[in-house]
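What follows is the content of target_13.csv (CSV, C-alpha atoms).
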chain,number,residue,atom,x,y,z
A,7,MET,CA,-98.8,73.0,-36.3
A,8,THR,CA,-101.9,74.8,-34.9
A,9,THR,CA,-102.2,78.5,-34.6
A,10,ALA,CA,-101.9,78.3,-30.8
A,11,GLN,CA,-98.7,76.2,-31.1
A,12,ALA,CA,-97.2,78.6,-33.6
A,13,ALA,CA,-97.9,81.5,-31.3
A,14,SER,CA,-95.8,79.9,-28.6
A,15,PHE,CA,-93.1,78.5,-30.9
A,16,ASP,CA,-89.7,80.3,-30.7
A,17,VAL,CA,-87.9,79.7,-34.0
A,18,GLY,CA,-84.8,81.5,-32.8
A,19,ALA,CA,-84.5,79.3,-29.7
A,20,GLN,CA,-84.6,76.2,-32.0
A,21,ALA,CA,-81.5,77.3,-34.0
A,22,THR,CA,-79.0,75.3,-31.9
A,23,SER,CA,-75.4,76.5,-32.4
A,24,PRO,CA,-73.1,74.2,-34.5
A,25,LEU,CA,-70.4,74.9,-32.0
A,26,VAL,CA,-71.9,72.7,-29.3
A,27,GLN,CA,-72.7,69.0,-29.1
A,28,ARG,CA,-75.5,67.4,-27.1
A,29,THR,CA,-76.6,64.0,-25.8
A,30,GLU,CA,-79.6,63.1,-23.7
A,31,VAL,CA,-80.7,60.1,-21.7
A,32,ARG,CA,-84.0,59.3,-20.0
A,33,LEU,CA,-84.0,58.9,-16.2
A,34,GLY,CA,-86.6,57.4,-14.0
A,35,ALA,CA,-88.4,60.5,-12.7
A,36,ASN,CA,-88.3,64.3,-12.8
A,37,VAL,CA,-84.9,65.9,-12.1
A,38,THR,CA,-84.9,68.2,-9.0
A,39,ALA,CA,-81.1,69.0,-9.0
A,40,ALA,CA,-78.0,68.3,-10.9
A,41,ILE,CA,-74.3,68.6,-10.1
A,42,THR,CA,-71.0,67.5,-11.5
A,43,LEU,CA,-68.2,65.6,-9.8
A,44,ASP,CA,-64.8,64.5,-11.0
A,45,GLY,CA,-65.7,62.8,-14.3
A,46,ARG,CA,-69.3,62.2,-13.4
A,47,ALA,CA,-72.7,63.9,-13.4
A,48,ALA,CA,-75.2,63.3,-10.6
A,49,PHE,CA,-79.0,63.9,-10.9
A,50,ALA,CA,-81.4,64.0,-7.9
A,51,LEU,CA,-84.8,62.7,-8.8
A,52,GLY,CA,-88.4,63.0,-7.6
A,53,ASP,CA,-88.4,59.3,-6.8
A,54,GLY,CA,-85.8,59.8,-4.0
A,55,THR,CA,-82.8,58.4,-5.9
A,56,VAL,CA,-79.7,60.1,-7.2
A,57,ARG,CA,-78.4,58.7,-10.5
A,58,LEU,CA,-74.8,59.0,-11.4
A,59,ARG,CA,-73.4,58.8,-15.0
A,60,ASP,CA,-69.8,58.9,-16.2
A,61,ILE,CA,-68.9,61.7,-18.6
A,62,VAL,CA,-66.9,60.1,-21.3
A,63,ARG,CA,-64.5,62.1,-23.6
A,64,ASP,CA,-63.4,60.8,-26.9
A,65,ASP,CA,-61.7,62.6,-29.7
A,66,GLY,CA,-62.8,66.0,-28.3
A,67,LYS,CA,-66.4,64.9,-27.9
A,68,VAL,CA,-68.3,64.3,-24.6
A,69,ALA,CA,-71.1,61.9,-23.9
A,70,PHE,CA,-72.7,60.0,-21.0
A,71,GLY,CA,-71.3,56.6,-20.3
A,72,ASP,CA,-73.6,53.6,-20.5
A,73,ASN,CA,-73.1,52.6,-16.8
A,74,GLU,CA,-75.5,54.1,-14.3
A,75,ILE,CA,-75.2,54.0,-10.5
A,76,VAL,CA,-78.4,54.4,-8.6
A,77,ALA,CA,-78.0,55.7,-5.0
A,78,ALA,CA,-81.2,55.2,-2.9
A,79,CYS,CA,-81.0,58.3,-0.8
A,80,HIS,CA,-84.5,59.1,0.3
A,81,SER,CA,-88.0,57.6,0.7
A,82,GLY,CA,-89.6,60.7,-0.7
A,83,ALA,CA,-88.3,63.1,-3.4
A,84,ALA,CA,-84.8,64.3,-3.3
A,85,THR,CA,-85.0,68.1,-2.9
A,86,ALA,CA,-81.3,69.3,-2.9
A,87,LEU,CA,-77.9,68.1,-4.0
A,88,ALA,CA,-74.4,69.4,-3.4
A,89,PRO,CA,-70.9,68.1,-4.3
A,90,PHE,CA,-68.9,67.1,-1.2
A,91,ARG,CA,-65.4,65.7,-1.1
A,92,ASP,CA,-65.4,62.3,-2.9
A,93,GLY,CA,-69.2,62.2,-3.5
A,94,PHE,CA,-72.2,64.3,-2.7
A,95,VAL,CA,-74.7,65.3,0.0
A,96,SER,CA,-78.4,65.2,-0.7
A,97,ALA,CA,-81.6,66.3,1.2
A,98,GLY,CA,-85.1,65.1,0.8
A,99,GLN,CA,-88.8,65.2,1.6
A,100,ASP,CA,-88.3,62.4,4.1
A,101,GLY,CA,-86.4,64.8,6.5
A,102,ARG,CA,-83.1,63.2,6.0
A,103,VAL,CA,-79.7,64.6,4.8
A,104,THR,CA,-77.4,61.8,3.5
A,105,ARG,CA,-73.9,61.6,2.2
A,106,TYR,CA,-72.7,59.4,-0.7
A,107,THR,CA,-69.1,58.5,-0.6
A,108,GLY,CA,-68.7,56.2,-3.6
A,109,THR,CA,-67.3,53.5,-1.3
A,110,GLU,CA,-68.7,50.3,0.1
A,111,SER,CA,-70.5,52.3,2.8
A,112,GLY,CA,-72.6,53.9,0.0
A,113,VAL,CA,-75.3,56.3,1.4
A,114,VAL,CA,-74.8,57.2,5.0
A,115,PRO,CA,-77.1,59.4,7.2
A,116,VAL,CA,-75.9,62.8,8.3
A,117,ILE,CA,-78.9,64.7,9.7
A,118,ASP,CA,-82.4,63.5,10.5
A,119,PHE,CA,-85.3,66.0,11.0
A,120,ASP,CA,-87.8,63.2,11.9
A,121,GLY,CA,-89.8,63.4,8.8
A,122,ARG,CA,-89.9,67.2,8.4
A,123,TRP,CA,-89.2,68.3,4.8
A,124,VAL,CA,-85.7,69.7,4.4
A,125,ASP,CA,-86.1,73.2,3.2
A,126,ALA,CA,-82.5,74.2,2.6
A,127,LEU,CA,-79.0,72.7,2.3
A,128,ALA,CA,-75.5,74.1,2.2
A,129,VAL,CA,-72.0,72.5,2.4
A,130,HIS,CA,-68.5,73.7,3.0
A,131,GLU,CA,-66.1,71.1,1.6
A,132,ARG,CA,-62.9,72.6,3.1
A,133,THR,CA,-64.1,72.5,6.7
A,134,GLY,CA,-66.3,69.4,6.1
A,135,CYS,CA,-69.4,71.1,7.5
A,136,ILE,CA,-72.9,70.4,6.3
A,137,ALA,CA,-75.8,72.7,7.2
A,138,ALA,CA,-79.5,72.0,6.7
A,139,ALA,CA,-82.8,73.5,7.7
A,140,ALA,CA,-86.2,72.1,8.3
A,141,GLY,CA,-89.0,74.4,9.4
A,142,ARG,CA,-87.7,77.0,11.8
A,143,GLN,CA,-84.4,75.2,12.8
A,144,VAL,CA,-80.9,75.0,11.4
A,145,VAL,CA,-78.6,72.0,12.1
A,146,VAL,CA,-74.9,72.1,11.3
A,147,ALA,CA,-73.0,68.7,11.2
A,148,ALA,CA,-69.2,68.7,11.5
A,149,GLU,CA,-67.1,66.2,9.6
A,150,GLY,CA,-66.2,64.4,12.8
A,151,GLY,CA,-69.8,63.7,13.6
A,152,GLY,CA,-70.6,66.5,16.0
A,153,ARG,CA,-73.8,68.4,15.5
A,154,VAL,CA,-75.1,71.8,16.7
A,155,ALA,CA,-78.6,73.2,16.3
A,156,SER,CA,-79.9,76.7,16.3
A,157,ASP,CA,-82.7,78.0,18.5
A,158,ALA,CA,-86.0,78.0,16.8
A,159,PHE,CA,-86.6,81.0,14.5
A,160,ALA,CA,-89.8,82.9,14.3
A,161,SER,CA,-90.3,81.8,10.7
A,162,THR,CA,-89.3,79.0,8.3
A,163,ILE,CA,-85.7,79.0,7.0
A,164,ALA,CA,-85.9,79.2,3.2
A,165,GLY,CA,-82.2,79.4,2.3
A,166,LEU,CA,-78.7,78.7,3.7
A,167,ALA,CA,-75.2,79.7,2.5
A,168,PHE,CA,-71.8,79.3,4.2
A,169,ALA,CA,-69.3,82.2,4.4
A,170,PRO,CA,-66.2,81.5,2.3
A,171,GLU,CA,-64.1,80.7,5.3
A,172,GLY,CA,-66.7,78.2,6.6
A,173,ARG,CA,-67.1,79.5,10.1
A,174,ARG,CA,-70.5,81.3,9.6
A,175,VAL,CA,-73.8,80.4,8.0
A,176,ALA,CA,-76.3,82.8,6.5
A,177,ALA,CA,-80.0,81.7,7.0
A,178,ALA,CA,-82.8,83.4,5.0
A,179,HIS,CA,-86.1,83.9,6.7
A,180,CYS,CA,-88.9,86.4,7.2
A,181,ASP,CA,-87.6,90.0,7.6
A,182,GLY,CA,-84.0,89.3,6.9
A,183,VAL,CA,-81.0,87.0,7.0
A,184,SER,CA,-79.4,85.8,10.2
A,185,VAL,CA,-75.7,85.0,10.4
A,186,LEU,CA,-75.0,81.9,12.6
A,187,SER,CA,-71.8,80.4,14.1
A,188,ALA,CA,-71.1,77.1,12.3
A,189,GLU,CA,-69.4,75.9,15.5
A,190,THR,CA,-72.1,76.7,18.0
A,191,GLY,CA,-75.3,77.4,16.0
A,192,ALA,CA,-75.7,80.7,17.9
A,193,ARG,CA,-77.1,83.7,16.0
A,194,GLU,CA,-74.3,86.3,15.8
A,195,HIS,CA,-76.3,89.1,14.1
A,196,LEU,CA,-79.3,89.9,11.9
A,197,LEU,CA,-79.2,91.5,8.4
A,198,GLY,CA,-82.6,93.0,8.6
A,199,TRP,CA,-85.0,93.9,5.8
A,200,LYS,CA,-88.8,93.6,5.9
A,201,GLY,CA,-90.3,90.9,3.7
A,202,SER,CA,-90.0,87.2,3.1
A,203,HIS,CA,-86.4,86.2,2.1
A,204,ILE,CA,-86.5,82.9,0.1
A,205,GLY,CA,-82.9,82.4,-0.8
A,206,VAL,CA,-79.4,83.6,0.1
A,207,SER,CA,-75.9,83.6,-1.3
A,208,TRP,CA,-72.5,84.7,0.0
A,209,SER,CA,-70.0,86.3,-2.4
A,210,PRO,CA,-66.7,84.4,-2.9
A,211,ASP,CA,-64.7,87.2,-1.3
A,212,GLY,CA,-67.0,87.2,1.8
A,213,ARG,CA,-67.9,90.9,1.3
A,214,PHE,CA,-71.5,90.6,0.2
A,215,VAL,CA,-74.5,88.7,1.4
A,216,VAL,CA,-77.4,88.7,-1.2
A,217,SER,CA,-80.9,87.4,-0.6
A,218,ALA,CA,-83.8,86.8,-2.9
A,219,THR,CA,-87.2,88.0,-1.7
A,220,GLN,CA,-90.8,87.0,-2.1
A,221,GLU,CA,-91.3,90.5,-3.5
A,222,ARG,CA,-89.2,89.7,-6.6
A,223,GLU,CA,-86.1,91.6,-5.6
A,224,LEU,CA,-82.6,91.0,-4.5
A,225,HIS,CA,-81.3,92.6,-1.3
A,226,VAL,CA,-77.6,93.2,-0.9
A,227,TRP,CA,-75.6,93.8,2.3
A,228,ASP,CA,-72.1,95.1,2.0
A,229,LEU,CA,-70.3,93.8,5.1
A,230,VAL,CA,-67.4,96.2,4.6
A,231,THR,CA,-69.3,99.5,4.2
A,232,LEU,CA,-72.3,98.3,6.3
A,233,GLN,CA,-74.6,99.6,3.6
A,234,ASP,CA,-77.4,97.7,1.8
A,235,LEU,CA,-79.4,98.1,-1.4
A,236,ARG,CA,-82.3,96.7,-3.3
A,237,LEU,CA,-82.0,95.3,-6.9
A,238,GLY,CA,-85.5,95.1,-8.4
A,239,GLY,CA,-87.3,95.0,-11.6
A,240,TYR,CA,-87.9,91.2,-11.7
A,241,PRO,CA,-91.2,90.0,-13.1
A,242,HIS,CA,-91.0,86.7,-11.1
A,243,LYS,CA,-89.5,85.4,-7.9
A,244,ILE,CA,-85.7,84.6,-8.0
A,245,HIS,CA,-84.9,81.0,-7.3
A,246,GLY,CA,-81.4,80.8,-8.6
A,247,LEU,CA,-78.3,82.7,-7.6
A,248,ASN,CA,-74.8,81.8,-8.8
A,249,TRP,CA,-71.5,83.7,-8.6
A,250,LEU,CA,-68.8,83.8,-11.2
A,251,CYS,CA,-65.7,82.1,-9.6
A,252,ASP,CA,-63.9,85.4,-9.0
A,253,GLY,CA,-67.0,87.1,-7.6
A,254,SER,CA,-67.2,89.7,-10.4
A,255,PHE,CA,-70.7,88.8,-11.4
A,256,LEU,CA,-73.8,87.4,-9.7
A,257,VAL,CA,-76.1,85.6,-12.2
A,258,CYS,CA,-79.8,85.2,-11.5
A,259,THR,CA,-83.1,83.7,-12.6
A,260,GLY,CA,-86.4,85.5,-12.3
A,261,ALA,CA,-86.8,87.0,-15.8
A,262,ASP,CA,-87.1,86.0,-19.5
A,263,VAL,CA,-83.3,86.8,-19.8
A,264,ILE,CA,-80.3,85.8,-17.8
A,265,THR,CA,-79.4,88.7,-15.5
A,266,ALA,CA,-75.9,89.3,-14.4
A,267,TRP,CA,-75.1,92.0,-11.8
A,268,SER,CA,-71.5,93.4,-11.7
A,269,PHE,CA,-69.8,93.2,-8.3
A,270,ALA,CA,-66.3,93.8,-9.8
A,271,GLU,CA,-65.7,96.9,-7.6
A,272,ALA,CA,-68.0,98.1,-4.8
A,273,GLY,CA,-71.1,96.3,-5.9
A,274,PRO,CA,-73.8,97.1,-8.5
A,275,GLY,CA,-74.8,100.5,-7.0
A,276,GLY,CA,-77.2,102.1,-9.4
A,277,LYS,CA,-76.0,100.3,-12.5
A,278,PRO,CA,-78.4,98.0,-14.3
A,279,PRO,CA,-77.6,94.3,-14.8
A,280,ILE,CA,-76.3,92.8,-18.0
A,281,GLU,CA,-79.1,90.9,-19.8
A,282,ILE,CA,-78.3,87.9,-21.8
A,283,GLY,CA,-80.3,85.6,-24.0
A,284,TYR,CA,-84.1,85.4,-24.6
A,285,ALA,CA,-86.6,82.7,-25.3
A,286,TYR,CA,-90.1,83.7,-26.4
A,287,ASN,CA,-92.8,83.0,-23.8
A,288,GLY,CA,-90.2,81.5,-21.5
A,289,LEU,CA,-88.8,82.1,-18.0
A,290,VAL,CA,-85.2,81.5,-16.9
A,291,THR,CA,-85.5,78.6,-14.5
A,292,ALA,CA,-81.8,77.8,-13.7
A,293,VAL,CA,-78.4,79.5,-14.1
A,294,ALA,CA,-74.8,78.4,-13.9
A,295,ALA,CA,-71.7,80.6,-14.0
A,296,HIS,CA,-68.7,79.2,-15.7
A,297,PRO,CA,-65.9,77.9,-13.3
A,298,SER,CA,-63.1,80.0,-15.0
A,299,ALA,CA,-64.4,82.2,-17.8
A,300,PRO,CA,-66.8,85.1,-18.0
A,301,LEU,CA,-69.6,82.9,-19.3
A,302,ALA,CA,-73.0,82.0,-17.9
A,303,ALA,CA,-75.6,79.4,-18.9
A,304,GLY,CA,-79.3,79.9,-18.5
A,305,ALA,CA,-82.1,77.4,-18.9
A,306,TYR,CA,-85.7,78.1,-19.6
A,307,SER,CA,-89.2,76.9,-18.8
A,308,THR,CA,-89.5,76.1,-22.6
A,309,GLY,CA,-86.6,73.7,-22.5
A,310,SER,CA,-84.1,76.0,-24.1
A,311,ILE,CA,-80.5,76.4,-22.8
A,312,LEU,CA,-78.4,79.4,-23.7
A,313,ILE,CA,-74.8,80.2,-23.0
A,314,GLY,CA,-73.8,83.8,-22.8
A,315,GLU,CA,-70.7,85.9,-22.7
A,316,LEU,CA,-70.9,88.3,-19.7
A,317,THR,CA,-68.7,91.1,-21.0
A,318,LYS,CA,-70.5,91.3,-24.4
A,319,GLY,CA,-74.1,90.3,-23.5
A,320,GLU,CA,-74.2,87.8,-26.4
A,321,ALA,CA,-75.5,84.3,-26.3
A,322,LEU,CA,-75.7,81.1,-28.4
A,323,VAL,CA,-78.4,78.4,-28.2
A,324,ALA,CA,-77.1,75.1,-26.8
A,325,ARG,CA,-80.5,73.3,-26.6
A,326,GLY,CA,-83.7,74.2,-28.5
A,327,ASN,CA,-87.2,75.0,-27.3
A,328,GLU,CA,-88.2,71.4,-26.6
A,329,GLY,CA,-91.1,72.0,-24.3
A,330,ASP,CA,-89.8,70.3,-21.1
A,331,ALA,CA,-88.8,72.8,-18.5
A,332,VAL,CA,-85.1,72.7,-17.4
A,333,THR,CA,-84.9,72.5,-13.6
A,334,SER,CA,-81.1,72.5,-13.0
A,335,LEU,CA,-77.8,73.3,-14.6
A,336,ALA,CA,-74.1,72.7,-13.7
A,337,TRP,CA,-70.8,73.1,-15.5
A,338,THR,CA,-68.2,70.3,-15.4
A,339,ARG,CA,-65.2,71.2,-13.3
A,340,ASP,CA,-63.0,71.9,-16.4
A,341,GLY,CA,-65.7,74.1,-18.0
A,342,ARG,CA,-65.8,72.1,-21.2
A,343,GLY,CA,-69.2,70.5,-20.5
A,344,LEU,CA,-72.6,71.6,-19.2
A,345,ILE,CA,-75.2,69.3,-17.7
A,346,ALA,CA,-78.9,69.9,-17.2
A,347,GLY,CA,-81.9,68.1,-15.8
A,348,THR,CA,-85.5,68.5,-16.9
A,349,ALA,CA,-88.9,68.2,-15.3
A,350,SER,CA,-89.8,65.4,-17.7
A,351,GLY,CA,-86.8,63.3,-16.5
A,352,ASN,CA,-84.2,64.0,-19.1
A,353,ALA,CA,-80.4,64.2,-18.3
A,354,VAL,CA,-78.7,66.5,-20.8
A,355,LEU,CA,-75.0,66.8,-21.5
A,356,ILE,CA,-73.7,69.6,-23.7
A,357,GLY,CA,-70.1,69.7,-24.9
A,358,VAL,CA,-68.7,73.2,-25.5
A,359,PRO,CA,-65.4,74.2,-27.2
A,360,ALA,CA,-62.7,76.1,-25.4
A,361,ASP,CA,-63.5,79.1,-27.7
A,362,LEU,CA,-67.2,79.4,-27.9
A,363,GLY,CA,-67.0,82.0,-30.6
A,364,ILE,CA,-70.0,83.9,-29.3
A,365,ARG,CA,-70.6,86.8,-31.6
structure tokens encoding of this file:
Amino acid sequence: MTTAQAASFDVGAQATSPLVQRTEVRLGANVTAAITLDGRAAFALGDGTVRLRDIVRDDGKVAFGDNEIVAACHSGAATALAPFRDGFVSAGQDGRVTRYTGTESGVVPVIDFDGRWVDALAVHERTGCIAAAAGRQVVVAAEGGGRVASDAFASTIAGLAFAPEGRRVAAAHCDGVSVLSAETGAREHLLGWKGSHIGVSWSPDGRFVVSATQERELHVWDLVTLQDLRLGGYPHKIHGLNWLCDGSFLVCTGADVITAWSFAEAGPGGKPPIEIGYAYNGLVTAVAAHPSAPLAAGAYSTGSILIGELTKGEALVARGNEGDAVTSLAWTRDGRGLIAGTASGNAVLIGVPADLGIR
């Protein structure tokens, strides 16, 4: 090992916990997004396909099945992926939003932006609505086939999120977040704040709308008290926002640790976030909150994956510092497995015990 290599080598991040098990398979291109379905993992790739692999459980262990389904979804790179009913919805550089149903119909078109790159995607499974944005316009497709489009915004839409009840959509853009009607596409009101807003998320209870900004901050609007606040201190832009299932924590990227803001009462106020995990010379590139327990996973630009306990701030290493940046993370629906995709085209499956024993 050279001196330069030694300087960037994180011994601690190589000490993978014996409590977890890991398998990896090579895919055909870089992974841009990863999700889990019932008994399957799905990986969106830079070649426009979505690859599906079974998750096989045997004697308490998990692994990828040998069979791989290749769904040809886009002519350019697939840029976003979301679980939807019996399959998934994907968006791509070719300007198309497609739905995969797992039936003979395979991949079916949902929205077409005539070649304009799809910048944002959101779905609401209960109502069957799919929202996507390309450039300065948002289109919402209803399950029955109806579509509504917003008027053109003054700037590009960089993020979308449905309200929990599915009747409203938050759209992030320059100088704030607009709330749209999912039924008509009309703008109902503006949550204003100067700056470029590059992502948005709605809390599970519908009370808070949170945006990530170009200025490396979070902005929070409390829709009950009608107050708002800034959450700063990030060294990098925040590209990942994920809520714990009960809405008690918001987990974020943007630093060299996983940051988790408490929303258990009336929001974070002046309280600092919980900071979990660390990888030398690495940046958190993806986060995933556990579906039922106070746990969060964070992946790094160095290839490391850590799993942390939110109430204690402790973490274990689930994947070592292997040099290929992790681009996406998702828990299995039962919370016993974690999948990841990497920039070099690896699909990762990590099996975790019911009691992680983080200490």
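Using all atoms listed in the file for every distance, the candidate list A:Val185, A:Val76, A:Leu196, A:Ile345 yields A:Val76 as the residue closest to A:Gly54.
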### Message
I'd like the contact shell of A:His245 - 12 Å cut-off, only C-alpha atoms, skipping same-chain residues fewer than 2 positions apart - returned as number ranges by chain.
### Response
A: 164-165, 203-207, 217-220, 222-224, 240, 242-243, 247-248, 257-261, 289-293, 333-334
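Nearest residue to A:Ala47, choosing from A:Gly314, A:Gly71, A:Gly141, A:Pro300 and counting all atoms listed in the file: A:Gly71.
Of note, atom CA of A:Ala128 and atom CA of A:Ile41 are spaced 13.5 Å apart.
Interatomic distance, atom CA of A:Glu189 to atom CA of A:Arg91: 19.9 Å.
As for atom CA of A:Ala148 and atom CA of A:Cys135, they are spaced 4.7 Å apart.
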### Task
Show me as a PyMOL selection string the residues that reach within 9 Å of (-86.6, 58.5, -13.1), counting only C-alpha atoms and using the file's own coordinates.
chain A and resi 32-37+51-53+55+57+350-352
### Task
Name the residues in contact with stretch 113-121 of chain A at a cut-off of 10 Å, using only C-alpha atoms, excluding same-chain residues fewer than 2 positions from it; report them as JSON, numbers by chain.
{"A": [77, 78, 79, 80, 82, 93, 94, 95, 96, 97, 98, 99, 100, 101, 102, 103, 104, 105, 106, 107, 108, 109, 110, 111, 123, 124, 136, 137, 138, 139, 140, 141, 143, 145, 146, 147, 148, 149, 151, 153]}
Those residues you just picked out, can you put them in a file as an mmCIF file, in the coordinates of the input with C-alpha atoms?
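And here is the file that came out, again_14.cif:
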data_model
loop_
_atom_site.group_PDB
_atom_site.id
_atom_site.type_symbol
_atom_site.label_atom_id
_atom_site.label_comp_id
_atom_site.auth_asym_id
_atom_site.auth_seq_id
_atom_site.Cartn_x
_atom_site.Cartn_y
_atom_site.Cartn_z
ATOM 1 C CA ALA A 77 -78.000 55.700 -5.000
ATOM 2 C CA ALA A 78 -81.200 55.200 -2.900
ATOM 3 C CA CYS A 79 -81.000 58.300 -0.800
ATOM 4 C CA HIS A 80 -84.500 59.100 0.300
ATOM 5 C CA GLY A 82 -89.600 60.700 -0.700
ATOM 6 C CA GLY A 93 -69.200 62.200 -3.500
ATOM 7 C CA PHE A 94 -72.200 64.300 -2.700
ATOM 8 C CA VAL A 95 -74.700 65.300 0.000
ATOM 9 C CA SER A 96 -78.400 65.200 -0.700
ATOM 10 C CA ALA A 97 -81.600 66.300 1.200
ATOM 11 C CA GLY A 98 -85.100 65.100 0.800
ATOM 12 C CA GLN A 99 -88.800 65.200 1.600
ATOM 13 C CA ASP A 100 -88.300 62.400 4.100
ATOM 14 C CA GLY A 101 -86.400 64.800 6.500
ATOM 15 C CA ARG A 102 -83.100 63.200 6.000
ATOM 16 C CA VAL A 103 -79.700 64.600 4.800
ATOM 17 C CA THR A 104 -77.400 61.800 3.500
ATOM 18 C CA ARG A 105 -73.900 61.600 2.200
ATOM 19 C CA TYR A 106 -72.700 59.400 -0.700
ATOM 20 C CA THR A 107 -69.100 58.500 -0.600
ATOM 21 C CA GLY A 108 -68.700 56.200 -3.600
ATOM 22 C CA THR A 109 -67.300 53.500 -1.300
ATOM 23 C CA GLU A 110 -68.700 50.300 0.100
ATOM 24 C CA SER A 111 -70.500 52.300 2.800
ATOM 25 C CA TRP A 123 -89.200 68.300 4.800
ATOM 26 C CA VAL A 124 -85.700 69.700 4.400
ATOM 27 C CA ILE A 136 -72.900 70.400 6.300
ATOM 28 C CA ALA A 137 -75.800 72.700 7.200
ATOM 29 C CA ALA A 138 -79.500 72.000 6.700
ATOM 30 C CA ALA A 139 -82.800 73.500 7.700
ATOM 31 C CA ALA A 140 -86.200 72.100 8.300
ATOM 32 C CA GLY A 141 -89.000 74.400 9.400
ATOM 33 C CA GLN A 143 -84.400 75.200 12.800
ATOM 34 C CA VAL A 145 -78.600 72.000 12.100
ATOM 35 C CA VAL A 146 -74.900 72.100 11.300
ATOM 36 C CA ALA A 147 -73.000 68.700 11.200
ATOM 37 C CA ALA A 148 -69.200 68.700 11.500
ATOM 38 C CA GLU A 149 -67.100 66.200 9.600
ATOM 39 C CA GLY A 151 -69.800 63.700 13.600
ATOM 40 C CA ARG A 153 -73.800 68.400 15.500
#
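When all atoms listed in the file are used to measure the gap to A:Val358, the shortest distance among A:Val68, A:Leu43, A:Ala285, A:Ala336 belongs to A:Val68.
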### Query
Which residues come within 12 Å of stretch 251-256 of chain A, counting all atoms listed in the file, excluding same-chain residues fewer than 3 positions away, as a PyMOL selection string?
chain A and resi 170+206-217+224+226+237+246-248+259+264-274+279-281+293-302+315-317+337+339+341
Quick one: write out the picked residues with C-alpha atoms as a JSON list (two decimals), keeping the file's coordinate frame?
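Written out: again.json:
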[["chain", "number", "residue", "atom", "x", "y", "z"],
["A", 170, "PRO", "CA", -66.20, 81.50, 2.30],
["A", 206, "VAL", "CA", -79.40, 83.60, 0.10],
["A", 207, "SER", "CA", -75.90, 83.60, -1.30],
["A", 208, "TRP", "CA", -72.50, 84.70, 0.00],
["A", 209, "SER", "CA", -70.00, 86.30, -2.40],
["A", 210, "PRO", "CA", -66.70, 84.40, -2.90],
["A", 211, "ASP", "CA", -64.70, 87.20, -1.30],
["A", 212, "GLY", "CA", -67.00, 87.20, 1.80],
["A", 213, "ARG", "CA", -67.90, 90.90, 1.30],
["A", 214, "PHE", "CA", -71.50, 90.60, 0.20],
["A", 215, "VAL", "CA", -74.50, 88.70, 1.40],
["A", 216, "VAL", "CA", -77.40, 88.70, -1.20],
["A", 217, "SER", "CA", -80.90, 87.40, -0.60],
["A", 224, "LEU", "CA", -82.60, 91.00, -4.50],
["A", 226, "VAL", "CA", -77.60, 93.20, -0.90],
["A", 237, "LEU", "CA", -82.00, 95.30, -6.90],
["A", 246, "GLY", "CA", -81.40, 80.80, -8.60],
["A", 247, "LEU", "CA", -78.30, 82.70, -7.60],
["A", 248, "ASN", "CA", -74.80, 81.80, -8.80],
["A", 259, "THR", "CA", -83.10, 83.70, -12.60],
["A", 264, "ILE", "CA", -80.30, 85.80, -17.80],
["A", 265, "THR", "CA", -79.40, 88.70, -15.50],
["A", 266, "ALA", "CA", -75.90, 89.30, -14.40],
["A", 267, "TRP", "CA", -75.10, 92.00, -11.80],
["A", 268, "SER", "CA", -71.50, 93.40, -11.70],
["A", 269, "PHE", "CA", -69.80, 93.20, -8.30],
["A", 270, "ALA", "CA", -66.30, 93.80, -9.80],
["A", 271, "GLU", "CA", -65.70, 96.90, -7.60],
["A", 272, "ALA", "CA", -68.00, 98.10, -4.80],
["A", 273, "GLY", "CA", -71.10, 96.30, -5.90],
["A", 274, "PRO", "CA", -73.80, 97.10, -8.50],
["A", 279, "PRO", "CA", -77.60, 94.30, -14.80],
["A", 280, "ILE", "CA", -76.30, 92.80, -18.00],
["A", 281, "GLU", "CA", -79.10, 90.90, -19.80],
["A", 293, "VAL", "CA", -78.40, 79.50, -14.10],
["A", 294, "ALA", "CA", -74.80, 78.40, -13.90],
["A", 295, "ALA", "CA", -71.70, 80.60, -14.00],
["A", 296, "HIS", "CA", -68.70, 79.20, -15.70],
["A", 297, "PRO", "CA", -65.90, 77.90, -13.30],
["A", 298, "SER", "CA", -63.10, 80.00, -15.00],
["A", 299, "ALA", "CA", -64.40, 82.20, -17.80],
["A", 300, "PRO", "CA", -66.80, 85.10, -18.00],
["A", 301, "LEU", "CA", -69.60, 82.90, -19.30],
["A", 302, "ALA", "CA", -73.00, 82.00, -17.90],
["A", 315, "GLU", "CA", -70.70, 85.90, -22.70],
["A", 316, "LEU", "CA", -70.90, 88.30, -19.70],
["A", 317, "THR", "CA", -68.70, 91.10, -21.00],
["A", 337, "TRP", "CA", -70.80, 73.10, -15.50],
["A", 339, "ARG", "CA", -65.20, 71.20, -13.30],
["A", 341, "GLY", "CA", -65.70, 74.10, -18.00]]
### Message
Could you list, as a PyMOL selection string, every residue within 7 Å of A:Val332, counting all atoms listed in the file and ignoring same-chain residues fewer than 2 positions away?
### Response
chain A and resi 291+305-307+309+330+334+346-349
#### Entry: Test item: residues at most 9 Å from A:Leu197, all atoms listed in the file, excluding those fewer than 3 positions along its chain, as a ChimeraX atom specification
/A:181-185,215,227
Adding 4 Å on each side of the box along x, y and z that holds all listed atoms of stretch 342-356 of chain A, could you give its centre and edge lengths in Å to one decimal, as AutoDock Vina command-line options?
--center_x -77.8 --center_y 67.7 --center_z -19.5 --size_x 32.0 --size_y 16.8 --size_z 16.4
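With distances taken over all atoms listed in the file, A:Gly191 is the one residue among A:Gly150, A:Gly288, A:Gly276, A:Gly191 lying closest to A:Arg174.
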